[in-house]
Structures are given as C-alpha cells and as structure tokens.
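Undergrad: Below you will find the structure I want to go over with you.
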There are 2 protein chains.
Amino acid sequence: MDHLQTGENLLFLTDDQVRKGIEAMFFAYRGFTADPDRILEGMDYGRAHHRALHFIHRSPGTTVNNLLAILGVTKQSLNRVLRSLIADDLVESRVGHSDKRERHLHLTEKGAALERRLSDAQRARLRAAYRAAGPGAVQGFRLVLEAMMDEDANRQYQSLKEANI
Amino acid sequence: MDHLQTGENLLFLTDDQVRKGIEAMFFAYRGFTADPDRILEGMDYGRAHHRALHFIHRSPGTTVNNLLAILGVTKQSLNRVLRSLIADDLVESRVGHSDKRERHLHLTEKGAALERRLSDAQRARLRAAYRAAGPGAVQGFRLVLEAMMDEDANRQYQSLKEANI
DNA sequence: GATTTTACGTCAGCCTTGTTGACTTTCCAA
DNA sequence: TTGGAAAGTCAACAAGGCTGACGTAAAATC
C-alpha cells in the first residue's frame, strides 16, 4: 500500500505510518510533561497539582464541579489535590455567594507564582518546537490534535474564554 | 502582542496562544488513550500493558533492557507488567541464543490478537483525525511532535526499523 | 582462572493519583 | 416542610510509578 491521496481529503496511509504517528504522540507527551515534572519533583506535588493550578489560573473563580468536568477525574481525586494546595496557601477556596454549596477557586500570589513558573517552562518547550517545525506546521499540529479529542473534551477546549486565536 | 511572523522562521505567538496548544495536547492525549483504555478495563490490564504489547509488537525479539530504555520506566515496574503478560500467555520470553543472559520477547498468537485489537482502535481514531484535519496538517502535526521530544526520545523514535515514512 | 560487570528477576516498601462508598451541608421543588 | 438532588469532604483501596537490596547466571576483563 502506498501513501497516495485522492481528490476528497481521504488519506491512504499504511498501518505502519499511522503507527509512527501513535509513537510520536507517546514520546512527545513525555517531553511535554518533562519540564514541569522536573520542577515539581522534590516539592510534594505532582502532575495532578499542575493541572489543577493550570485550569484555576485559566478560569479564576471556577467551581470544584467545573474543574471536575474539565479534568475528567472523580471529585474525591481532585479533592485530595485541592486540599493540599489550599493547605499550602497556593489556592483559595471561597464559599459561593448565591449558592453556598459551591466553592469558588482562586490562585493566591504564591499559587500564581508557581503556576507561572510551570507554564513558563512548558511554553518555552512548545515555542521551541513551533520554531523548529516552522510556521506552517503549527496550524496542522493544532488541527490534528483537535480532531483527536473526544466530543466533550473538544467542547471544553473550544470554550476557552480568551479564544483569540 | 500580535501573532506576526518575521523573516527568520521565528514565530510570535502570545502566551495565551501557546497555552491553547498546551491544552490541545492535554485534551488530545486523553482522546488518544481513551479507546485502548476502554478495551482494557475489565481485563486485568492497563495502559502499561498496552505499551509493552505495542513495543514488543513493533520490535519482536527485543530484550528487556531495550524495552526499559524505550518505555523509560524501572525494571521492577516493567517486570510486574511482563510477569502478568507472560503468565497469561500473551508474551513469550526466550533465553538468548548468543547471550544467554538476555530474554527475547515475542507476542504469542493471543498477545498479537490483543495488540491488534488495541492498535486497530487507536489507529482508527488517528486516521479519522488525519482525515478531518486534511492532508497538509499531518506533516505539521508530526513535525511539531518530533520537535517537542527530548533528545533521547527522539532517537528512540527515529530508530524505527520500518522507517519508511 | 579469578574478578568484575552485565542482564535479568524478585522481594519489600513507599508515593502519586486514580477509583468506590459513605457522609454532611445546602438548595430546591413537590 | 420535607425529601431528593447537588456540592463537597473523609476513608479506604488499587494501579502503576519509584528506590533499595539481593540473587543468579553469563559474559567480559584482568
């Protein structure tokens, strides 16, 4: 089987070629998380804490339930992470004004500082990759990733407030 | 800051734009692993078993040490996985011919069948994503991922035997 | 030929991060 | 006004990483 391509944008790729894409995802994801992981090792935090900080930063005031939907884990799992972040004064949990069952989450100064440090490292790697791959590649990268997401993940992803891309 | 682009292939992207790439990786990776995860849940296996099956399939006869280097885990961790795969007759471990210290790993019929089932599902999703993103996007996708890998991961990745891309 | 190194396996114990189950507090609607 | 649903918390367990220590066989080195 050759890698031709017909009029409709239907791609003919061999299984081996697609498999290479699969391995690219595997190895790339390891690089993607390597820098934050390195920063966090030694602190009492891990990747789960990084994710929580990231999405609280992205949507200040978000509720635990919102965060749950985005992260796709159980509330008990998230709670453990939030508890330590709150105890260490990285995250502030404010009881809801209208609905007192809700907790609205915000980063403290300290939390924002760590989040910045983590995302700076991760952004630096992504920028470097973009630069190495060239301007044309960035669009393709994003398109394939978006098409790879589940329906609901894609909705979460698209609903970024600052969707100025 | 605008997203301009100068003569050198240096990209100016806002932090928010790069952050969106970061989130794309996060959500896409979840989709990427979702189908195999679903297949494996219920069996006594997990993502670690899938990875082992994948790379043994890719390089039949590979040694434990090779696999260790590719997967980037400790031998104790890998051993736990291999032990159960061997016990369940999905993987065969053959003592080395020239060097009897080595164990060469092969999939059994049963192991190959499960590997096929898992990779078929994963390939189907990737093909669908490629098709949705269009022919031009695939190249960019791969370029950015490759640039995102660590040095040694990239070497592992590039040293595919069937590197007919 | 003796020693050291390599490849592999295993036991024990720890940590992170997922899970389910059971529980409070709060809200809302019948 | 009361009973169910929703938001959040606590407890206990499992998967899959990790380190450290040890054993065995084979290979390599001196």
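Residue numbering restarts at 1 for every chain of the structure tokens, chains are lettered A, B, ... in their displayed order, and ligands are numbered from 1 as they appear.
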Show which residues sit within 8 Å of range 12-17 of chain D, as a list in words. Count only C-alpha atoms (C1' of nucleotides), and ignore same-chain residues fewer than 6 positions away.

TA: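 The neighbour list is Gly46, Ala48, Val73 and Ser77 of chain B; DT16, DG18 and DT19 of chain C.
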
Undergrad: What's the 10 Å shell around Leu114 in chain B, counting only C-alpha atoms (C1' of nucleotides), without same-chain residues fewer than 6 positions away, as a list in words?

TA: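 With the cut-off at 10 Å, the set is Ile39, Leu40, His50, Leu53, His54, Leu90, Leu107, Thr108 and Asp120 of chain B.
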
Undergrad: With a distance threshold of 10 Å and counting only C-alpha atoms (C1' of nucleotides), extract the residues of chain C near chain B and express them as a PyMOL selection string.

TA: chain C and resi 6-10

Undergrad: Would you save the residues from that selection as a compact mmCIF listing (two decimals), in the first residue's frame, using N, CA and C atoms (P, O5', C5', C4', C3', O3' and C1' of nucleotides)?

TA:
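Contents of the output file out_37.txt:
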# COMPACT_ATOMS: atom_id res chain seq x y z
P DT C 6 29.01 -2.75 33.15
O5' DT C 6 28.00 -3.88 32.67
C5' DT C 6 28.39 -4.73 31.60
C4' DT C 6 27.30 -5.75 31.38
C3' DT C 6 25.90 -5.16 31.37
O3' DT C 6 25.30 -5.58 30.16
C1' DT C 6 26.00 -7.04 32.79
P DA C 7 23.88 -5.11 29.70
O5' DA C 7 22.98 -6.33 30.21
C5' DA C 7 23.03 -7.56 29.52
C4' DA C 7 21.93 -8.47 30.04
C3' DA C 7 20.57 -7.77 30.17
O3' DA C 7 19.60 -8.59 29.53
C1' DA C 7 21.19 -8.79 32.23
P DC C 8 18.11 -8.13 29.46
O5' DC C 8 17.50 -8.81 30.76
C5' DC C 8 17.60 -10.24 30.87
C4' DC C 8 17.23 -10.67 32.26
C3' DC C 8 15.86 -10.18 32.72
O3' DC C 8 14.96 -11.26 32.60
C1' DC C 8 17.51 -10.23 34.45
P DG C 9 13.46 -11.09 33.02
O5' DG C 9 13.49 -11.46 34.58
C5' DG C 9 13.80 -12.80 34.97
C4' DG C 9 13.77 -12.89 36.48
C3' DG C 9 12.47 -12.39 37.10
O3' DG C 9 11.87 -13.45 37.83
C1' DG C 9 14.35 -11.48 38.23
P DT C 10 10.46 -13.26 38.50
O5' DT C 10 10.86 -12.75 39.97
C5' DT C 10 11.81 -13.49 40.73
C4' DT C 10 11.95 -12.84 42.09
C3' DT C 10 10.65 -12.27 42.66
O3' DT C 10 10.52 -12.72 43.99
C1' DT C 10 12.37 -10.67 42.78

Undergrad: Give me the residues within 8 Å of Ile22 in chain A as a compact mmCIF listing (two decimals) with all heavy atoms, in the first residue's frame, counting only C-alpha atoms (C1' of nucleotides) and dropping any in the same chain fewer than 6 places off.

TA:
# COMPACT_ATOMS: atom_id res chain seq x y z
N GLN B 122 -6.83 2.43 18.15
CA GLN B 122 -6.07 3.67 18.23
C GLN B 122 -5.78 4.23 16.83
O GLN B 122 -5.85 5.44 16.61
CB GLN B 122 -4.75 3.42 18.99
CG GLN B 122 -4.18 4.66 19.61
CD GLN B 122 -3.21 4.34 20.72
OE1 GLN B 122 -2.48 3.35 20.66
NE2 GLN B 122 -3.17 5.18 21.73
N ARG B 123 -5.47 3.34 15.91
CA ARG B 123 -5.22 3.79 14.55
C ARG B 123 -6.47 4.38 13.92
O ARG B 123 -6.40 5.36 13.18
CB ARG B 123 -4.71 2.63 13.69
CG ARG B 123 -3.20 2.50 13.68
CD ARG B 123 -2.76 1.63 12.51
NE ARG B 123 -3.24 0.27 12.66
CZ ARG B 123 -2.56 -0.70 13.25
NH1 ARG B 123 -1.36 -0.45 13.72
NH2 ARG B 123 -3.06 -1.91 13.35
N LEU B 126 -6.77 7.89 14.98
CA LEU B 126 -5.78 8.76 14.39
C LEU B 126 -6.08 9.00 12.90
O LEU B 126 -5.98 10.13 12.41
CB LEU B 126 -4.38 8.15 14.56
CG LEU B 126 -3.21 9.15 14.44
CD1 LEU B 126 -3.46 10.39 15.26
CD2 LEU B 126 -1.91 8.49 14.85

Undergrad: At what distance in Å, to one decimal, does CA of Ser93 in chain A lie from CA of Leu105 in chain A?

TA: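 Computing the Euclidean distance for CA of Leu105 in chain A and CA of Ser93 in chain A yields 4.8 Å.
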
Undergrad: With a distance cut-off of 10 Å and only C-alpha atoms (C1' of nucleotides), select the neighbouring residues of Arg51 in chain A, excluding the residue or stretch itself and same-chain residues fewer than 4 positions from it, and output the selection as a list in words.

TA: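 Using only C-alpha atoms (C1' of nucleotides), the neighbours found are Gly46, Arg47, Phe55, Ile56, His57, Leu67, Ile70, Leu71, Val81 and Glu115 of chain A; Glu23 and Phe26 of chain B.
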
Undergrad: Hey, can you spit out that residue selection with all heavy atoms as a compact mmCIF listing (two decimals), in the first residue's frame?

TA:
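Writing done, so here's selection_3.txt:
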# COMPACT_ATOMS: atom_id res chain seq x y z
N GLY A 46 2.67 16.91 42.22
CA GLY A 46 2.85 16.11 41.02
C GLY A 46 2.08 16.72 39.87
O GLY A 46 1.66 17.87 39.92
N ARG A 47 1.89 15.92 38.85
CA ARG A 47 1.25 16.40 37.64
C ARG A 47 -0.20 16.81 37.90
O ARG A 47 -0.72 17.72 37.25
CB ARG A 47 1.29 15.27 36.60
CG ARG A 47 1.41 15.76 35.18
CD ARG A 47 1.59 14.61 34.22
NE ARG A 47 2.95 14.06 34.21
CZ ARG A 47 3.32 13.04 33.46
NH1 ARG A 47 2.44 12.46 32.66
NH2 ARG A 47 4.55 12.60 33.50
N PHE A 55 -5.70 25.07 35.35
CA PHE A 55 -7.08 25.39 34.98
C PHE A 55 -7.73 26.38 35.94
O PHE A 55 -8.67 27.07 35.56
CB PHE A 55 -7.90 24.11 34.84
CG PHE A 55 -7.59 23.36 33.57
CD1 PHE A 55 -6.85 22.20 33.58
CD2 PHE A 55 -8.01 23.86 32.34
CE1 PHE A 55 -6.55 21.52 32.40
CE2 PHE A 55 -7.72 23.21 31.15
CZ PHE A 55 -6.98 22.02 31.19
N ILE A 56 -7.23 26.46 37.17
CA ILE A 56 -7.72 27.52 38.05
C ILE A 56 -7.19 28.87 37.57
O ILE A 56 -7.90 29.86 37.57
CB ILE A 56 -7.29 27.26 39.51
CG1 ILE A 56 -7.99 26.01 40.05
CG2 ILE A 56 -7.64 28.46 40.39
CD1 ILE A 56 -7.48 25.57 41.41
N HIS A 57 -5.96 28.85 37.10
CA HIS A 57 -5.39 30.08 36.54
C HIS A 57 -6.18 30.54 35.31
O HIS A 57 -6.47 31.71 35.14
CB HIS A 57 -3.93 29.86 36.16
CG HIS A 57 -3.35 30.95 35.31
ND1 HIS A 57 -2.92 32.15 35.85
CD2 HIS A 57 -3.15 31.06 33.99
CE1 HIS A 57 -2.48 32.92 34.87
NE2 HIS A 57 -2.60 32.29 33.74
N LEU A 67 -14.22 22.24 37.46
CA LEU A 67 -12.88 21.70 37.36
C LEU A 67 -12.94 20.19 37.13
O LEU A 67 -12.18 19.64 36.33
CB LEU A 67 -12.12 22.02 38.65
CG LEU A 67 -10.62 22.23 38.56
CD1 LEU A 67 -10.25 23.15 37.41
CD2 LEU A 67 -10.11 22.78 39.87
N ILE A 70 -13.68 19.38 33.56
CA ILE A 70 -12.54 19.63 32.68
C ILE A 70 -11.47 18.56 32.84
O ILE A 70 -10.94 18.03 31.87
CB ILE A 70 -11.93 21.01 32.98
CG1 ILE A 70 -12.89 22.11 32.52
CG2 ILE A 70 -10.58 21.17 32.31
CD1 ILE A 70 -12.46 23.49 32.95
N LEU A 71 -11.15 18.24 34.07
CA LEU A 71 -10.04 17.31 34.33
C LEU A 71 -10.44 15.87 34.08
O LEU A 71 -9.59 15.02 33.83
CB LEU A 71 -9.55 17.48 35.76
CG LEU A 71 -8.90 18.83 36.07
CD1 LEU A 71 -8.58 18.95 37.55
CD2 LEU A 71 -7.63 19.03 35.25
N VAL A 81 -6.05 16.68 45.90
CA VAL A 81 -5.12 17.66 45.33
C VAL A 81 -5.43 19.07 45.83
O VAL A 81 -4.54 19.79 46.29
CB VAL A 81 -5.20 17.61 43.79
CG1 VAL A 81 -4.46 18.77 43.16
CG2 VAL A 81 -4.64 16.29 43.29
N GLU A 115 2.40 28.58 39.36
CA GLU A 115 1.76 28.31 38.08
C GLU A 115 2.56 28.96 36.95
O GLU A 115 2.77 28.35 35.90
CB GLU A 115 0.32 28.84 38.08
CG GLU A 115 -0.55 28.34 36.95
CD GLU A 115 -0.28 29.01 35.62
OE1 GLU A 115 0.13 30.20 35.61
OE2 GLU A 115 -0.46 28.36 34.57
N GLU B 23 -3.09 23.09 26.06
CA GLU B 23 -4.35 22.43 26.38
C GLU B 23 -4.77 21.46 25.29
O GLU B 23 -5.37 20.42 25.58
CB GLU B 23 -5.44 23.49 26.62
CG GLU B 23 -5.12 24.34 27.83
CD GLU B 23 -6.23 25.32 28.20
OE1 GLU B 23 -7.14 25.54 27.38
OE2 GLU B 23 -6.15 25.87 29.31
N PHE B 26 -3.11 18.31 26.07
CA PHE B 26 -3.74 17.65 27.22
C PHE B 26 -5.02 16.91 26.82
O PHE B 26 -5.17 15.71 27.07
CB PHE B 26 -4.04 18.68 28.31
CG PHE B 26 -4.87 18.16 29.44
CD1 PHE B 26 -4.36 17.23 30.33
CD2 PHE B 26 -6.17 18.60 29.62
CE1 PHE B 26 -5.13 16.74 31.37
CE2 PHE B 26 -6.95 18.12 30.66
CZ PHE B 26 -6.43 17.19 31.53

Undergrad: Run DSSP on the backbone of this structure and report the residues of range 48-116 of chain B it assigns to strand (DSSP E), as a VMD selection string.

TA: chain B and resid 62 to 63 91 to 95 103 to 107

Undergrad: Give me, as number ranges by chain, the residues of chain A touching chain B, with the criterion being at most 8 Å (counting only C-alpha atoms).

TA: A: 5, 9-11, 15-19, 21-25, 27-32, 122-123, 125-150, 153-154, 157, 162, 164-165

Undergrad: Hey, what's within 12 Å of DA21 in chain D if we count only C-alpha atoms (C1' of nucleotides) and toss same-chain stuff fewer than 4 positions away? As a compact mmCIF listing (two decimals) with N, CA, C and O atoms (P, O5', C5', C4', C3', O3' and C1' of nucleotides), in the first residue's frame, please?

TA:
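Resulting contents of result-v7.txt:
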# COMPACT_ATOMS: atom_id res chain seq x y z
P DT C 10 10.46 -13.26 38.50
O5' DT C 10 10.86 -12.75 39.97
C5' DT C 10 11.81 -13.49 40.73
C4' DT C 10 11.95 -12.84 42.09
C3' DT C 10 10.65 -12.27 42.66
O3' DT C 10 10.52 -12.72 43.99
C1' DT C 10 12.37 -10.67 42.78
P DC C 11 9.04 -12.76 44.65
O5' DC C 11 9.35 -12.03 46.04
C5' DC C 11 10.51 -12.40 46.79
C4' DC C 11 10.82 -11.31 47.80
C3' DC C 11 9.57 -10.63 48.35
O3' DC C 11 9.67 -10.51 49.76
C1' DC C 11 11.07 -9.02 47.48
P DA C 12 8.32 -10.13 50.59
O5' DA C 12 8.83 -9.01 51.58
C5' DA C 12 10.17 -8.51 51.53
C4' DA C 12 10.18 -7.00 51.73
C3' DA C 12 8.84 -6.39 52.15
O3' DA C 12 9.05 -5.58 53.29
C1' DA C 12 9.76 -5.21 50.31
P DG C 13 7.78 -4.92 54.04
O5' DG C 13 7.90 -3.39 53.59
C5' DG C 13 9.17 -2.77 53.60
C4' DG C 13 9.04 -1.42 52.91
C3' DG C 13 7.71 -0.72 53.23
O3' DG C 13 7.98 0.63 53.52
C1' DG C 13 8.06 -0.79 50.92

Undergrad: For chain D, which of B:Ala52, B:Ile86, B:Ala112, B:Leu78 is the closest residue, counting only C-alpha atoms (C1' of nucleotides)?

TA: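 Looking at the shortest contact to chain D, the residue is B:Leu78.
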
Undergrad: Which chain D residues have any atom within 9 Å of an atom of chain A, and for each, what is the nearest pair of atoms with distance in Å to one decimal, counting only C-alpha atoms (C1' of nucleotides), rows sorted by chain and number, as JSON lines?

TA:
{"residue": "D:DA6", "atom": "C1'", "partner": "A:Arg101", "partner_atom": "CA", "distance": 8.2}
{"residue": "D:DA7", "atom": "C1'", "partner": "A:Arg101", "partner_atom": "CA", "distance": 5.2}
{"residue": "D:DG8", "atom": "C1'", "partner": "A:Arg101", "partner_atom": "CA", "distance": 7.4}
{"residue": "D:DT9", "atom": "C1'", "partner": "A:Asn79", "partner_atom": "CA", "distance": 7.9}

Undergrad: So that I can check the secondary structure, give me every residue of chain B assigned alpha helix (DSSP H) by backbone DSSP, as a PyMOL selection string.

TA: chain B and resi 15-40+47-58+64-71+75-87+109-133+135-148+151-158

Undergrad: Output the selection as a short mmCIF file (atom, residue, chain, number, x, y, z; two decimals), in the first residue's frame - C-alpha atoms for each residue.

TA:
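The resulting again19.cif:
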data_model
loop_
_atom_site.label_atom_id
_atom_site.label_comp_id
_atom_site.auth_asym_id
_atom_site.auth_seq_id
_atom_site.Cartn_x
_atom_site.Cartn_y
_atom_site.Cartn_z
CA ASP B 15 1.31 33.31 25.80
CA ASP B 16 -2.42 32.62 25.53
CA GLN B 17 -1.99 31.18 22.07
CA VAL B 18 0.79 28.88 23.19
CA ARG B 19 -1.28 27.95 26.21
CA LYS B 20 -4.01 26.83 23.86
CA GLY B 21 -1.51 24.49 22.25
CA ILE B 22 -0.71 23.12 25.70
CA GLU B 23 -4.35 22.43 26.38
CA ALA B 24 -4.72 20.85 22.97
CA MET B 25 -2.01 18.38 23.93
CA PHE B 26 -3.74 17.65 27.22
CA PHE B 27 -7.19 17.01 25.80
CA ALA B 28 -5.91 15.22 22.70
CA TYR B 29 -3.83 12.81 24.71
CA ARG B 30 -6.92 11.84 26.63
CA GLY B 31 -8.70 11.02 23.42
CA PHE B 32 -5.63 9.25 22.16
CA THR B 33 -5.65 6.76 25.04
CA ALA B 34 -9.42 6.54 25.52
CA ASP B 35 -10.20 3.66 23.17
CA PRO B 36 -7.48 1.24 24.34
CA ASP B 37 -8.28 2.16 27.94
CA ARG B 38 -11.89 1.21 27.36
CA ILE B 39 -10.90 -2.12 25.81
CA LEU B 40 -8.55 -2.95 28.67
CA ARG B 47 -2.08 1.31 29.88
CA ALA B 48 1.26 -0.09 30.98
CA HIS B 49 0.37 -3.46 29.46
CA HIS B 50 -0.71 -1.80 26.26
CA ARG B 51 2.62 -0.01 25.93
CA ALA B 52 4.55 -3.23 26.47
CA LEU B 53 2.47 -5.08 23.88
CA HIS B 54 2.88 -2.23 21.43
CA PHE B 55 6.65 -2.10 21.55
CA ILE B 56 7.12 -5.86 21.61
CA HIS B 57 4.97 -5.99 18.51
CA ARG B 58 6.99 -3.26 16.89
CA VAL B 64 14.01 -6.50 28.42
CA ASN B 65 16.75 -3.90 28.56
CA ASN B 66 15.75 -2.43 25.20
CA LEU B 67 12.17 -2.18 26.30
CA LEU B 68 13.24 -0.50 29.50
CA ALA B 69 15.07 2.19 27.59
CA ILE B 70 12.13 2.83 25.28
CA LEU B 71 9.47 2.93 27.96
CA LYS B 75 12.86 -2.76 35.51
CA GLN B 76 10.81 -3.53 38.61
CA SER B 77 7.90 -1.64 37.15
CA LEU B 78 8.23 -3.28 33.75
CA ASN B 79 8.76 -6.66 35.32
CA ARG B 80 5.43 -6.55 37.07
CA VAL B 81 3.74 -5.96 33.74
CA LEU B 82 5.74 -8.58 31.83
CA ARG B 83 5.19 -11.17 34.52
CA SER B 84 1.43 -10.98 34.15
CA LEU B 85 1.60 -10.90 30.34
CA ILE B 86 3.81 -13.99 30.33
CA ALA B 87 1.66 -15.77 32.91
CA GLU B 109 -0.90 -15.59 18.93
CA LYS B 110 -3.11 -14.49 21.78
CA GLY B 111 -0.89 -11.48 22.53
CA ALA B 112 -0.79 -10.47 18.90
CA ALA B 113 -4.57 -10.63 18.77
CA LEU B 114 -4.97 -8.28 21.72
CA GLU B 115 -2.30 -5.95 20.40
CA ARG B 116 -4.10 -5.82 17.08
CA ARG B 117 -7.38 -5.05 18.73
CA LEU B 118 -5.83 -2.21 20.71
CA SER B 119 -3.85 -0.69 17.90
CA ASP B 120 -6.73 -1.01 15.46
CA ALA B 121 -8.82 1.14 17.75
CA GLN B 122 -6.07 3.67 18.23
CA ARG B 123 -5.22 3.79 14.55
CA ALA B 124 -8.85 4.28 13.64
CA ARG B 125 -9.00 7.37 15.79
CA LEU B 126 -5.78 8.76 14.39
CA ARG B 127 -6.86 8.10 10.81
CA ALA B 128 -10.14 9.85 11.50
CA ALA B 129 -8.26 12.82 12.91
CA TYR B 130 -5.92 12.92 9.91
CA ARG B 131 -8.88 12.80 7.58
CA ALA B 132 -10.69 15.56 9.43
CA ALA B 133 -7.61 17.77 9.55
CA PRO B 135 -3.58 16.11 4.13
CA GLY B 136 -1.50 19.20 4.79
CA ALA B 137 -2.00 19.04 8.52
CA VAL B 138 -0.44 15.62 9.00
CA GLN B 139 3.05 16.78 8.17
CA GLY B 140 2.82 19.71 10.56
CA PHE B 141 1.45 17.54 13.30
CA ARG B 142 4.39 15.18 13.07
CA LEU B 143 6.97 17.94 12.80
CA VAL B 144 5.84 19.71 15.95
CA LEU B 145 5.60 16.48 17.92
CA GLU B 146 9.08 15.46 16.89
CA ALA B 147 10.47 18.82 17.90
CA MET B 148 8.76 18.51 21.27
CA GLU B 151 16.87 14.22 22.61
CA ASP B 152 16.93 10.56 23.54
CA ALA B 153 13.22 10.01 22.99
CA ASN B 154 13.68 11.39 19.50
CA ARG B 155 16.49 8.95 18.88
CA GLN B 156 14.31 6.05 20.02
CA TYR B 157 11.53 7.33 17.85
CA GLN B 158 13.66 7.79 14.74
#

Undergrad: To one decimal place in Å, what is the distance between CA of Asp88 in chain B and CA of His104 in chain B?

TA: 17.1 Å
